[in-house]
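Peer 1: Provided herewith: upload_38.tsv, TSV, C-alpha atoms and all ligand atoms.
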```tsv
chain	number	residue	atom	x	y	z
C	1	MET	CA	56.62	192.12	135.50
C	2	SER	CA	57.04	189.29	137.97
C	3	ALA	CA	56.60	185.75	136.83
C	4	VAL	CA	53.45	184.01	137.98
C	5	LEU	CA	54.45	180.86	139.75
C	6	SER	CA	52.01	178.06	140.22
C	7	PRO	CA	52.30	176.02	143.41
C	8	VAL	CA	54.93	173.36	142.85
C	9	LYS	CA	55.12	170.03	144.56
C	10	THR	CA	58.19	167.87	144.15
C	11	THR	CA	57.47	164.93	141.87
C	12	ALA	CA	58.03	162.54	144.77
C	13	THR	CA	54.93	163.86	146.56
C	14	LEU	CA	52.60	163.80	143.55
C	15	GLN	CA	50.04	161.02	143.61
C	16	ALA	CA	50.01	158.40	140.89
C	17	GLU	CA	47.24	159.28	138.44
C	18	ILE	CA	46.89	155.82	136.98
C	19	CYS	CA	47.43	152.25	138.06
C	20	PRO	CA	50.93	151.60	136.63
C	21	ALA	CA	50.07	147.92	136.09
C	22	CYS	CA	46.98	148.30	133.85
C	23	GLY	CA	46.59	152.03	133.15
C	24	ALA	CA	43.19	152.42	134.89
C	25	SER	CA	42.51	155.68	136.71
C	26	SER	CA	43.82	155.55	140.27
C	27	THR	CA	40.39	156.72	141.41
C	28	GLN	CA	39.46	153.08	140.71
C	29	ALA	CA	41.74	152.05	143.57
C	30	GLY	CA	41.42	151.77	147.34
C	31	HIS	CA	43.93	152.07	150.18
C	32	ALA	CA	45.92	148.87	150.80
C	33	TRP	CA	48.72	149.73	153.23
C	34	LYS	CA	51.34	152.29	154.18
C	35	PHE	CA	54.89	151.26	155.07
C	36	VAL	CA	58.58	152.14	154.88
C	37	ASN	CA	60.82	150.39	152.37
C	38	ALA	CA	63.90	151.29	150.28
C	39	ARG	CA	61.93	154.19	148.76
C	40	GLY	CA	61.04	155.70	152.16
C	41	GLU	CA	57.46	155.83	153.43
C	42	THR	CA	54.99	155.02	150.69
C	43	GLU	CA	51.28	154.47	150.54
C	44	TRP	CA	50.00	151.56	148.46
C	45	LEU	CA	46.67	151.19	146.72
C	46	ARG	CA	44.82	148.21	145.25
C	47	CYS	CA	43.44	148.63	141.74
C	48	ASN	CA	39.82	147.50	141.41
C	49	CYS	CA	40.34	146.84	137.69
C	50	CYS	CA	43.39	144.54	137.65
C	51	ARG	CA	43.71	143.68	141.38
C	52	SER	CA	47.32	144.89	141.43
C	53	TYR	CA	48.85	146.71	144.34
C	54	PHE	CA	50.71	149.89	143.43
C	55	MET	CA	52.69	152.66	145.06
C	56	ASP	CA	50.80	155.94	145.21
C	57	ARG	CA	53.65	158.13	144.04
C	58	GLY	CA	54.12	159.92	140.74
C	59	TYR	CA	56.89	158.84	138.37
C	60	SER	CA	60.00	160.84	137.68
C	61	LEU	CA	62.72	159.27	135.53
C	62	GLU	CA	65.35	161.34	137.33
C	63	ASN	CA	64.20	160.02	140.74
C	64	GLU	CA	64.03	156.50	139.37
C	65	VAL	CA	67.63	156.67	138.15
C	66	SER	CA	68.86	158.06	141.50
C	67	HIS	CA	66.92	155.39	143.36
C	68	THR	CA	68.29	152.56	141.19
C	69	GLN	CA	71.84	153.82	141.72
C	70	THR	CA	71.37	153.28	145.47
C	71	MET	CA	70.33	149.64	145.00
C	72	THR	CA	72.82	146.77	144.68
C	73	TRP	CA	71.85	146.08	141.04
C	74	GLY	CA	72.38	149.73	140.19
C	75	ASP	CA	76.08	149.99	141.06
C	76	THR	CA	78.71	148.75	138.66
C	77	GLU	CA	80.44	146.25	140.96
C	78	HIS	CA	77.32	144.41	142.13
C	79	GLY	CA	75.44	144.91	138.87
C	80	ALA	CA	78.23	143.16	136.98
C	81	GLN	CA	78.31	140.36	139.58
C	82	LEU	CA	74.61	139.74	138.92
C	83	ASN	CA	75.54	138.89	135.33
C	84	THR	CA	77.24	135.78	136.70
C	85	PHE	CA	74.63	135.10	139.37
C	86	LYS	CA	71.70	135.03	136.92
C	87	GLN	CA	73.25	132.62	134.38
C	88	ARG	CA	70.76	129.88	135.27
C	89	MET	CA	67.81	132.12	134.37
C	90	TYR	CA	69.48	133.42	131.18
C	91	LYS	CA	70.15	129.86	129.92
C	92	SER	CA	66.66	128.69	130.82
C	93	ILE	CA	65.00	131.62	129.02
C	94	LEU	CA	67.19	131.18	125.93
C	95	GLY	CA	66.36	127.45	125.97
C	96	GLN	CA	62.62	128.24	126.02
C	97	LEU	CA	63.04	130.91	123.35
C	98	GLN	CA	64.87	128.56	120.98
C	99	LYS	CA	61.82	126.30	120.86
C	100	HIS	CA	60.12	129.11	118.93
C	101	VAL	CA	62.90	130.93	117.07
C	102	GLN	CA	66.30	130.06	115.63
C	103	PRO	CA	68.63	132.79	116.96
C	104	GLU	CA	71.08	132.96	114.03
C	105	GLY	CA	70.68	136.35	112.37
C	106	LYS	CA	67.63	137.33	114.43
C	107	SER	CA	67.49	140.69	116.21
C	108	LEU	CA	66.88	140.92	119.97
C	109	LEU	CA	66.33	144.04	122.08
C	110	ASP	CA	66.74	143.73	125.86
C	111	VAL	CA	64.61	146.32	127.68
C	112	GLY	CA	66.18	147.28	131.03
C	113	CYS	CA	69.41	145.53	130.04
C	114	SER	CA	71.25	146.52	133.23
C	115	TYR	CA	74.89	145.40	132.98
C	116	GLY	CA	74.29	143.29	129.87
C	117	GLY	CA	74.45	139.76	131.30
C	118	PHE	CA	71.50	138.51	129.28
C	119	MET	CA	72.66	140.34	126.16
C	120	GLU	CA	76.02	138.50	126.33
C	121	ALA	CA	74.26	135.13	126.75
C	122	ALA	CA	71.83	135.88	123.89
C	123	LYS	CA	74.70	136.98	121.63
C	124	ASP	CA	76.50	133.69	122.35
C	125	THR	CA	73.50	131.76	121.02
C	126	GLY	CA	73.55	133.75	117.76
C	127	PHE	CA	71.16	136.66	118.32
C	128	SER	CA	72.12	140.11	117.09
C	129	VAL	CA	71.61	142.03	120.34
C	130	CYS	CA	71.10	145.56	121.61
C	131	GLY	CA	69.60	147.00	124.77
C	132	PHE	CA	68.68	150.04	126.80
C	133	ASP	CA	68.66	150.98	130.45
C	134	ILE	CA	67.99	154.05	132.61
C	135	VAL	CA	71.32	153.87	134.47
C	136	PRO	CA	74.11	155.60	132.47
C	137	GLN	CA	76.89	153.61	134.19
C	138	ALA	CA	75.21	150.33	133.19
C	139	VAL	CA	74.95	151.47	129.56
C	140	ASP	CA	78.62	152.56	129.57
C	141	PHE	CA	79.58	149.15	130.97
C	142	VAL	CA	77.66	147.30	128.27
C	143	LYS	CA	79.18	149.47	125.53
C	144	ALA	CA	82.68	149.00	126.96
C	145	HIS	CA	82.10	145.25	126.48
C	146	GLY	CA	81.45	145.76	122.78
C	147	LEU	CA	77.64	145.57	122.82
C	148	SER	CA	75.18	148.12	121.50
C	149	ALA	CA	73.18	149.97	124.17
C	150	GLU	CA	71.44	153.29	124.78
C	151	CYS	CA	70.47	155.22	127.86
C	152	CYS	CA	66.71	155.85	127.86
C	153	GLY	CA	63.63	155.16	129.94
C	154	GLN	CA	61.09	153.78	127.48
C	155	ILE	CA	61.05	151.95	124.17
C	156	ARG	CA	59.58	154.91	122.26
C	157	ASP	CA	62.79	156.83	123.04
C	158	PHE	CA	65.05	154.01	121.87
C	159	ARG	CA	66.58	154.98	118.54
C	160	GLY	CA	68.88	152.04	117.62
C	161	SER	CA	69.86	151.08	114.11
C	162	THR	CA	66.89	148.75	113.70
C	163	ARG	CA	63.30	149.91	113.72
C	164	THR	CA	61.70	146.56	114.62
C	165	PHE	CA	62.92	143.35	116.25
C	166	ASP	CA	62.36	139.60	116.10
C	167	VAL	CA	62.52	139.32	119.89
C	168	ILE	CA	62.13	141.83	122.72
C	169	THR	CA	63.01	140.73	126.24
C	170	VAL	CA	61.95	142.36	129.51
C	171	LEU	CA	63.60	140.57	132.42
C	172	ASP	CA	62.67	141.84	135.90
C	173	ALA	CA	62.11	145.34	134.51
C	174	ASN	CA	58.35	145.85	134.02
C	175	ILE	CA	57.79	146.34	137.79
C	176	TYR	CA	59.54	149.74	137.50
C	177	TRP	CA	57.40	151.07	134.64
C	178	PRO	CA	55.04	153.98	135.24
C	179	ASP	CA	52.50	152.79	132.62
C	180	GLN	CA	52.73	149.14	131.65
C	181	ALA	CA	49.77	149.15	129.24
C	182	SER	CA	51.29	151.89	127.13
C	183	GLU	CA	54.77	150.34	127.28
C	184	LEU	CA	53.46	146.95	126.12
C	185	SER	CA	51.63	148.63	123.20
C	186	ASP	CA	54.84	150.41	122.22
C	187	ILE	CA	56.78	147.13	122.46
C	188	ARG	CA	54.23	145.45	120.21
C	189	ASN	CA	54.77	148.20	117.64
C	190	ARG	CA	58.52	147.53	117.67
C	191	LEU	CA	58.14	143.78	117.00
C	192	ASN	CA	58.20	142.25	113.54
C	193	ASP	CA	55.11	140.28	112.47
C	194	GLY	CA	55.14	137.13	114.58
C	195	GLY	CA	57.85	138.65	116.79
C	196	LEU	CA	58.18	137.44	120.35
C	197	LEU	CA	58.03	139.22	123.68
C	198	VAL	CA	59.71	137.39	126.56
C	199	MET	CA	59.15	138.61	130.10
C	200	ARG	CA	60.57	137.44	133.41
C	201	VAL	CA	58.03	138.81	135.84
C	202	VAL	CA	57.67	138.95	139.59
C	203	ASP	CA	54.30	138.07	141.06
C	204	LYS	CA	54.24	138.10	144.81
C	205	SER	CA	50.86	139.84	144.95
C	206	TRP	CA	49.57	136.82	146.89
C	207	LEU	CA	52.29	137.43	149.51
C	208	ALA	CA	51.39	141.13	149.59
C	209	THR	CA	47.79	140.18	150.40
C	210	VAL	CA	49.11	138.07	153.30
C	211	GLY	CA	51.35	140.96	154.48
C	212	ALA	CA	48.55	143.53	154.29
C	213	GLY	CA	46.31	141.29	156.43
C	214	LEU	CA	49.09	140.53	158.89
C	215	GLN	CA	49.95	144.21	159.26
C	216	ARG	CA	46.57	144.82	160.91
C	217	ILE	CA	47.35	142.24	163.60
C	218	SER	CA	51.11	142.61	163.92
C	219	PRO	CA	52.45	145.77	162.19
C	220	GLU	CA	56.14	144.79	162.31
C	221	ARG	CA	55.60	141.26	161.01
C	222	GLY	CA	53.27	142.62	158.35
C	223	ARG	CA	55.88	145.16	157.26
C	224	LYS	CA	58.53	142.46	156.87
C	225	VAL	CA	56.24	140.32	154.71
C	226	LEU	CA	55.27	143.36	152.61
C	227	GLN	CA	58.94	144.24	152.10
C	228	ARG	CA	59.61	140.73	150.80
C	229	ALA	CA	56.52	140.93	148.61
C	230	VAL	CA	57.20	144.24	146.87
C	231	ASN	CA	60.92	144.95	147.44
C	232	ASP	CA	61.44	148.35	145.76
C	233	HIS	CA	58.97	147.69	142.93
C	234	ARG	CA	56.38	150.25	141.86
C	235	PHE	CA	53.59	147.68	141.54
C	236	SER	CA	52.72	144.06	142.15
C	237	MET	CA	50.44	142.47	139.56
C	238	PRO	CA	48.75	139.05	139.61
C	239	ILE	CA	49.99	136.95	136.70
C	240	GLY	CA	46.42	136.31	135.47
C	241	SER	CA	45.87	140.07	135.14
C	242	LEU	CA	49.15	140.47	133.26
C	243	LEU	CA	48.15	137.76	130.75
C	244	GLY	CA	44.83	139.58	130.24
C	245	LEU	CA	46.67	142.86	129.65
C	246	LEU	CA	49.00	141.20	127.12
C	247	ARG	CA	45.99	139.97	125.14
C	248	LYS	CA	44.41	143.42	125.35
C	249	THR	CA	47.57	145.09	124.04
C	250	GLY	CA	47.84	142.83	120.98
C	251	PHE	CA	49.71	139.71	122.05
C	252	HIS	CA	48.96	136.02	121.87
C	253	VAL	CA	50.29	134.33	125.03
C	254	ILE	CA	52.27	131.23	124.08
C	255	SER	CA	53.37	130.17	127.55
C	256	ALA	CA	53.45	131.39	131.14
C	257	SER	CA	55.00	129.40	133.95
C	258	PRO	CA	57.19	129.75	137.05
C	259	LYS	CA	59.42	127.15	135.35
C	260	GLY	CA	62.74	128.68	134.34
C	261	ALA	CA	62.23	131.83	136.46
C	262	VAL	CA	64.69	130.84	139.22
C	263	HIS	CA	67.58	133.31	139.01
C	264	SER	CA	70.50	131.18	140.06
C	265	ASP	CA	71.90	127.84	141.19
C	266	ASP	CA	72.94	129.90	144.24
C	267	THR	CA	69.39	131.16	144.92
C	268	SER	CA	68.43	130.39	148.54
C	269	LEU	CA	66.89	127.02	149.28
C	270	THR	CA	63.73	128.70	150.62
C	271	VAL	CA	63.17	130.54	147.33
C	272	LYS	CA	63.98	127.41	145.29
C	273	MET	CA	61.43	125.48	147.36
C	274	ALA	CA	58.86	128.25	146.82
C	275	PHE	CA	59.42	127.89	143.07
C	276	GLY	CA	59.20	124.07	143.26
C	277	PHE	CA	55.91	124.29	145.16
C	278	GLY	CA	54.67	127.05	142.84
C	279	ILE	CA	55.47	125.07	139.67
C	280	ALA	CA	53.64	121.99	141.00
C	281	LEU	CA	50.60	124.05	142.01
C	282	TRP	CA	50.52	125.94	138.69
C	283	GLN	CA	50.83	122.78	136.60
C	284	THR	CA	48.26	120.76	138.52
C	285	MET	CA	45.65	123.31	139.61
C	286	GLY	CA	46.43	126.49	137.64
C	287	VAL	CA	46.89	128.39	140.90
C	288	PHE	CA	49.76	130.87	140.95
C	289	LEU	CA	51.68	130.98	144.25
C	290	ALA	CA	55.27	131.20	142.97
C	291	PRO	CA	57.63	134.20	143.33
C	292	GLY	CA	57.91	134.80	139.58
C	293	ALA	CA	57.29	133.50	136.07
C	294	VAL	CA	58.54	133.47	132.49
C	295	VAL	CA	55.99	134.62	129.92
C	296	ILE	CA	56.40	134.21	126.16
C	297	ALA	CA	53.95	136.06	123.93
C	298	GLU	CA	53.72	136.58	120.18
C	299	ARG	CA	52.69	139.76	118.44
C	300	SER	CA	49.17	139.17	117.13
C	301	SER	CA	48.60	140.22	113.55
K	401	ZN	ZN	45.21	148.20	137.53
```
As structure tokens, how would this structure be written, given the file I've shared?
Ligand SMILES: [Zn+2]

Peer 2:
Amino acid sequence: MSAVLSPVKTTATLQAEICPACGASSTQAGHAWKFVNARGETEWLRCNCCRSYFMDRGYSLENEVSHTQTMTWGDTEHGAQLNTFKQRMYKSILGQLQKHVQPEGKSLLDVGCSYGGFMEAAKDTGFSVCGFDIVPQAVDFVKAHGLSAECCGQIRDFRGSTRTFDVITVLDANIYWPDQASELSDIRNRLNDGGLLVMRVVDKSWLATVGAGLQRISPERGRKVLQRAVNDHRFSMPIGSLLGLLRKTGFHVISASPKGAVHSDDTSLTVKMAFGFGIALWQTMGVFLAPGAVVIAERSS
């Protein structure tokens, strides 16, 4: 008897079924733009529920690992160099965190730990740290430096020695998740009562809106702006929508600001100026036009 084979598409050609930013059905989304970036040619949609832009391509962990390994932060040499480059952000986030929790003896899980730069910095302040990442070489690197790490793609697959944590950090990692709403719920379930979630997020959705408009007038200029806006991310979510999603998934937002989100003292002057302008605008008018932000949220009881 011959096997009955159903038509098979490669995962890369499957359409996204949900908005990865908020979890709404992708039928609630309209076409935004099509362009070529580090992931090849991709079509992007705009979610009518959370106003995020997202890539209309199904998620495959295997593809995501291969893709990350082709990026500078996915290879061991450059990934390890980023540990030094991002010290300014690590120190700033730990400074903000210590206003709410005394690190000594507290557990911290770093989601998407990459080559362990933040884990090292958090350990130096007194946290008991562990992490996970999708890139096996990154996990091996972290373990070789004496820190506890696992290779997995989502928190529900993380085994670890501890069931729940005092602090969970997600630094520049949520933009690669296939289903942020479900991941945030799972993170909440792995926090102790009153535990803290700290996210360093990218929000250049405002720049993506500019790029999408520009693309209609000048395709090449529009493409360049869109590439800067979304890099290789899977979605681009307005910060206001993210804060709403955090509340919906059981968090109380303590703070959210572009302050402290600058990666490095060596970050380009243009980006530093964008942050300076963005911080001033956010603090005076509540308008978000910065490249990124640090969000601290507490698990609601
Ligand atoms: Zn959405």

Peer 1: Using all atoms listed in the file, find each residue of stretch 131-162 of chain C with at least one atom at most 12 Å away from an atom of stretch 188-211 of chain C; report its shortest atom-to-atom pair and that distance in Å (one decimal), sort the rows by chain and rising residue number, and return the result as a Markdown table.

Peer 2:
```
| residue | atom | partner | partner_atom | distance |
| --- | --- | --- | --- | --- |
| C:Gln154 | CA | C:Arg190 | CA | 11.9 |
| C:Ile155 | CA | C:Arg190 | CA | 8.3 |
| C:Arg156 | CA | C:Arg190 | CA | 8.8 |
| C:Asp157 | CA | C:Arg190 | CA | 11.6 |
| C:Phe158 | CA | C:Arg190 | CA | 10.1 |
| C:Arg159 | CA | C:Arg190 | CA | 11.0 |
| C:Gly160 | CA | C:Arg190 | CA | 11.3 |
| C:Thr162 | CA | C:Arg190 | CA | 9.3 |
```

Peer 1: Within 12 Å of ligand ZN 401 (chain K), counting all atoms listed in the file: which residues, as an NGL selection string?

Peer 2: :C and (16-30 or 45-55 or 178-181 or 235-238 or 241-242 or 244-245)

Peer 1: Pick out the residues sitting within 7 Å of C:Cys130, and hand them over as a PyMOL selection string; count all atoms listed in the file, and ignore anything fewer than 5 positions along from it in its own chain.

Peer 2: chain C and resi 108-110+147-149

Peer 1: Pick from C:Tyr115, C:Trp73, C:Trp44, C:Tyr59: nearest to C:Ala144, with all atoms listed in the file counted?

Peer 2: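 Smallest separation from C:Ala144 among the options: C:Tyr115.
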
Peer 1: Mind giving me the straight-line distance from atom CA of C:Ala138 to atom CA of C:Gly79 in Å, one decimal?

Peer 2: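 Atom CA of C:Gly79 lies at a distance of 7.9 Å from atom CA of C:Ala138.
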
Peer 1: How many Å lie between atom CA of C:Val111 and atom CA of C:Val142, rounded to one decimal?

Peer 2: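 A separation of 13.1 Å between them.
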
Peer 1: For C:Pro258, which residue among C:Met89, C:Leu94, C:Val135, C:Leu184 is the nearest when counting all atoms listed in the file?

Peer 2: C:Met89

Peer 1: Can you write out as a Markdown table which residues of stretch 81-123 of chain C fall within 7 Å of stretch 260-279 of chain C, alongside each residue's closest atom pair and its distance in Å to one decimal, counting only C-alpha atoms and ordering rows by chain and ascending residue number?

Peer 2:
```
| residue | atom | partner | partner_atom | distance |
| --- | --- | --- | --- | --- |
| C:Phe85 | CA | C:Ser264 | CA | 5.7 |
| C:Lys86 | CA | C:His263 | CA | 4.9 |
| C:Gln87 | CA | C:Ser264 | CA | 6.5 |
| C:Arg88 | CA | C:Ser264 | CA | 5.0 |
| C:Met89 | CA | C:His263 | CA | 4.8 |
| C:Ser92 | CA | C:Gly260 | CA | 5.3 |
| C:Ile93 | CA | C:Gly260 | CA | 6.5 |
```

Peer 1: Interatomic distance between atom CA of C:Thr68 and atom CA of C:Asp140?

Peer 2: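 These atoms are spaced 15.5 Å apart.
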
Peer 1: Nearest to C:Asp232 among C:Ala256, C:Cys152, C:Val129, C:Ala38, with distances taken over only C-alpha atoms: which residue is it?

Peer 2: C:Ala38

Peer 1: Which residue gives the smallest distance to C:Ser185 among C:Phe288, C:Phe35, C:Phe118, C:Phe251, with all atoms listed in the file counted?

Peer 2: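 Ranking C:Phe288, C:Phe35, C:Phe118, C:Phe251 by distance to C:Ser185, first place goes to C:Phe251.
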
Peer 1: Have a look at C:Asn174, C:Arg234, C:Ser161, C:Gln137 and name the one nearest to C:Asp75; count only C-alpha atoms.

Peer 2: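 Among C:Asn174, C:Arg234, C:Ser161, C:Gln137, it is C:Gln137 that comes nearest to C:Asp75.
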
Peer 1: Closest to C:Arg223 among C:Leu14, C:Val36, C:Ile175, C:Arg299, using only C-alpha atoms?

Peer 2: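 For C:Arg223, the nearest of the given residues is C:Val36.
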